[in-house]
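Colleague: Mind looking over this structure? Questions follow.
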Amino acid sequence: MKTQLLNFRQKLIITCAAILFFIEGVSTLQAGPALLLEVSAGKQARQNCVVSIPVPKLLENQPDLTLFRVDTGTEIPVQIGLTGEQRELVWILREQLPAGSKRKYRLLAGPREREQTSGVTVEDDGKHLNVKVDGKPVLTYNHAVVKAPKRDQAYYDKSGYIHPLYTPSGKVITDDFNPNHAHQHGIMFSWRKILFEGRENNGWDQKSQLGKVEHNQINSFTGGPVFGSFTTTIDHIDLTKKTGPVTMLKETWQVRVFALKDHFLFDINSVQNCATGKPVTIQKVHYGGMTIRGLADWHENHQYDYLTSEGKNKTNGNQSRPHWVEMYGPLGAETAGVTILSHPGNFRFPQPVRLHPSMPYFCFAVAAVDAFTIEPGKPYVSRYRYYVHDGKPSAKRDQHLWEDYAHPPTVKIVSE
């Protein structure tokens with residue numbers, strides 16, 4: 001009985017201390033409005049899961065917001081970002097939230113108790129935007145022109161794409177200017193067959209010299225404790241007009257890299273708008289779109305493979321319509337992979353994929369179904385999440401991440 005009483009007293013002291021810590025922490029904040037938020041896990045457990053909500057109207061004009069976990073009094077790193085014109089609050093559920101369970105947070109207006117470290121940094125060296133998580137390189141966006149290795153093939157010069165892409169152990173997993181297909185570059189977005197003002201265009205293969213895709217400008221970039229991000233404008237240019245080049249499409253990339261270091265997780269949101277008053281038709285073809293080119297060694301040795309959400313690979317997955325695709329293979333003495341998760345809000349979801357059977361590249365080839373037209377004033381929006389890891393692929397893990405992305409935890413305001 002004495003032992004039970006002692007244990008009860010110890011638990012009571014710990015609980016009271018946590019409550020006092022929370023109250024004391026909150027009391028030091030500047031007075032201002034506060035909200036109680038409730039996060040629901042839904043059908044699956046959540047851990048290291050990205051959570052976001054539009055900034056509540058009550059707090060939308062506040063310069064500083066602080067988030068506390070109610071049950072522990074722990075301050076949670078939180079960051080405000082933009083998705084289009086929508087300001088949103090973003091944080092990461094680090095500790096597991098079991099399936100079917102809920103967790104409450106207090107969101108307050110006021111300065112943070114502790115200085116939040118920049119878990120993700122984005123730096124411009126004049127030619128590239130270099131993104132790191134806790135000092136580890138994640139990816140490089142090339143905004144300056146990267147020249148083709150062979151100068152008699154200057155038409156392959158390229159900007160406005162990501163390469164290199166790294167694994168958490170620091171190994172490069174993408175390729176650039178591969179001699180076999182020098183027009184494929186890391187992570188890129190290009191259309192293979194375009195009809196503009198009655199003329200056929202090709203933004204995929206620069207050798208055709210019918211069109212090209214290139215960086216236009218950096219709109220913004222920032223680091224932070226929850227994510228680092230950058231927004232750029234990329235031009236899709238018609239080279240066939242007799243009076244000179246004309247930009248057909250203005251594409252905006254918003255790239256957001258999350259503060260996870262055991263694996264890398266980042267989003268690419270693409271918005272393509274007509275640059276003139278004329279529509280742009282993407283003609284039917286079995287490839288072109290959001291694309292990744294894998295490691296050069298994988299091409300030479302044919303040691304790569306794919307894993308799709310339908311359990312397919314490079315022998316039977318081409319032109320299937322999966323929710324996600326992983327490309328993987330040996331990297332040094334280990335295995336590594338990169339998965340692209342397609343958002344269910346994407347056009348023609350689930351989108352067809354071009355899984356090349358003899359070289360390591362694939363793309364979400366939405367035009368394989370049929371031609372479609374991007375009309376003035378009606379943007380073409382694409383959303384993809386990338387997962388990069390060391391080690392062997394796991395369909396269970398990929399599917400879990402896709403569920404996190406496609407059906408994230410719900411957040412609601414339960415009191416003011």
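Residues are referred to by chain and number: the chain letter is A, B, ... according to the order shown in the structure tokens, the number counts from 1 in that chain, and ligands are numbered separately from 1 in the order shown.
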Taking 4 positions as the minimum chain separation for residues in the same chain, which residues sit within 8 Å of Val257 in chain A when counting only C-alpha atoms? Answer as JSON, numbers by chain.

Modeller: {"A": [120, 131, 227, 228, 229, 264, 265, 266, 267]}

Colleague: Select from range 129-174 of chain A everything DSSP, run on the backbone, classes as helix (DSSP H, G or I), then give the selection as a PyMOL selection string.

Modeller: chain A and resi 151-156

Colleague: List as a count of residues only the protein and nucleic acid residues near Leu260 in chain A, meaning an atom at most 9 Å away when only C-alpha atoms are counted, but skip any in the same chain fewer than 6 places from it.

Modeller: 7

Colleague: Counting only C-alpha atoms, figure out which residue out of A:Thr74, A:Gln303, A:Gln96, A:Thr335 gets nearest to Ala41 in chain A.

Modeller: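 Of all the options, A:Gln96 lies closest to Ala41 in chain A.
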
Colleague: Would you mind telling me which residue in A:Val213, A:Ala259, A:Val145, A:Ala336 lies nearest to Gly126 in chain A when using only C-alpha atoms?

Modeller: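 Looking at the shortest contact to Gly126 in chain A, the residue is A:Val145.
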
Colleague: One decimal, Å: what's the distance from CA of Cys363 in chain A over to CA of Tyr166 in chain A, could you say?

Modeller: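 These two atoms are separated by 19.1 Å.
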
Colleague: Pick out the residues sitting within 9 Å of Trp253 in chain A, and hand them over as a count of residues only; count only C-alpha atoms, and ignore anything fewer than 2 positions along from it in its own chain.

Modeller: 12

Colleague: Give me, as a list of chain:residue names, all polymer residues having an atom no more than 6 Å from Asp238 in chain A, counting only C-alpha atoms and skipping those fewer than 3 positions away in the same chain.

Modeller: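 Final neighbour list, sorted by chain and number: A:Gly211, A:Pro245, A:Val246.
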
Colleague: Which residues come within 12 Å of Gly198 in chain A, counting only C-alpha atoms, excluding same-chain residues fewer than 5 positions away, as JSON, numbers by chain?

Modeller: {"A": [238, 240, 241, 278, 279, 280, 281]}

Colleague: Within 10 Å of Trp298 in chain A, counting only C-alpha atoms, which residues qualify if same-chain residues fewer than 5 places away don't, as a PyMOL selection string?

Modeller: chain A and resi 173+175+303-305+328-331+358-361

Colleague: DSSP on the backbone, strand (DSSP E or B) only: what residues of range 235-400 of chain A does that give? Format it as a PyMOL selection string.

Modeller: chain A and resi 235-238+246-258+264-274+280-282+289-294+305-308+324-331+334-342+353-355+361-364+372-374+380-390

Colleague: Out of A:Thr243, A:Thr252, A:Ser415, A:Thr291, which residue has the shortest atom-to-atom distance to Leu107 in chain A when counting only C-alpha atoms?

Modeller: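 Closest candidate: A:Ser415.
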
Colleague: Just checking: using only C-alpha atoms, which residue out of A:Asp176, A:Asp64, A:Glu326, A:Asp157 ends up closest to Leu295 in chain A?

Modeller: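 Smallest distance to Leu295 in chain A is found for A:Asp176.
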
Colleague: For the atom pair CA of Gly289 in chain A and CA of Val366 in chain A, what is the interatomic distance in Å to one decimal place?

Modeller: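 That distance, rounded to one decimal, is 7.1 Å.
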
Colleague: Rank A:Gly317, A:Gly332, A:Pro393, A:Gly377 by their smallest atom-to-atom distance to Asp297 in chain A, using only C-alpha atoms, and report the top residue only.

Modeller: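 Of A:Gly317, A:Gly332, A:Pro393, A:Gly377, the one nearest Asp297 in chain A, counting only C-alpha atoms, is A:Gly332.
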
Colleague: Using only C-alpha atoms, which residue out of A:His323, A:His143, A:His163, A:His181 lies closest to Pro344 in chain A?

Modeller: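 Selected residue with least distance to Pro344 in chain A: A:His323.
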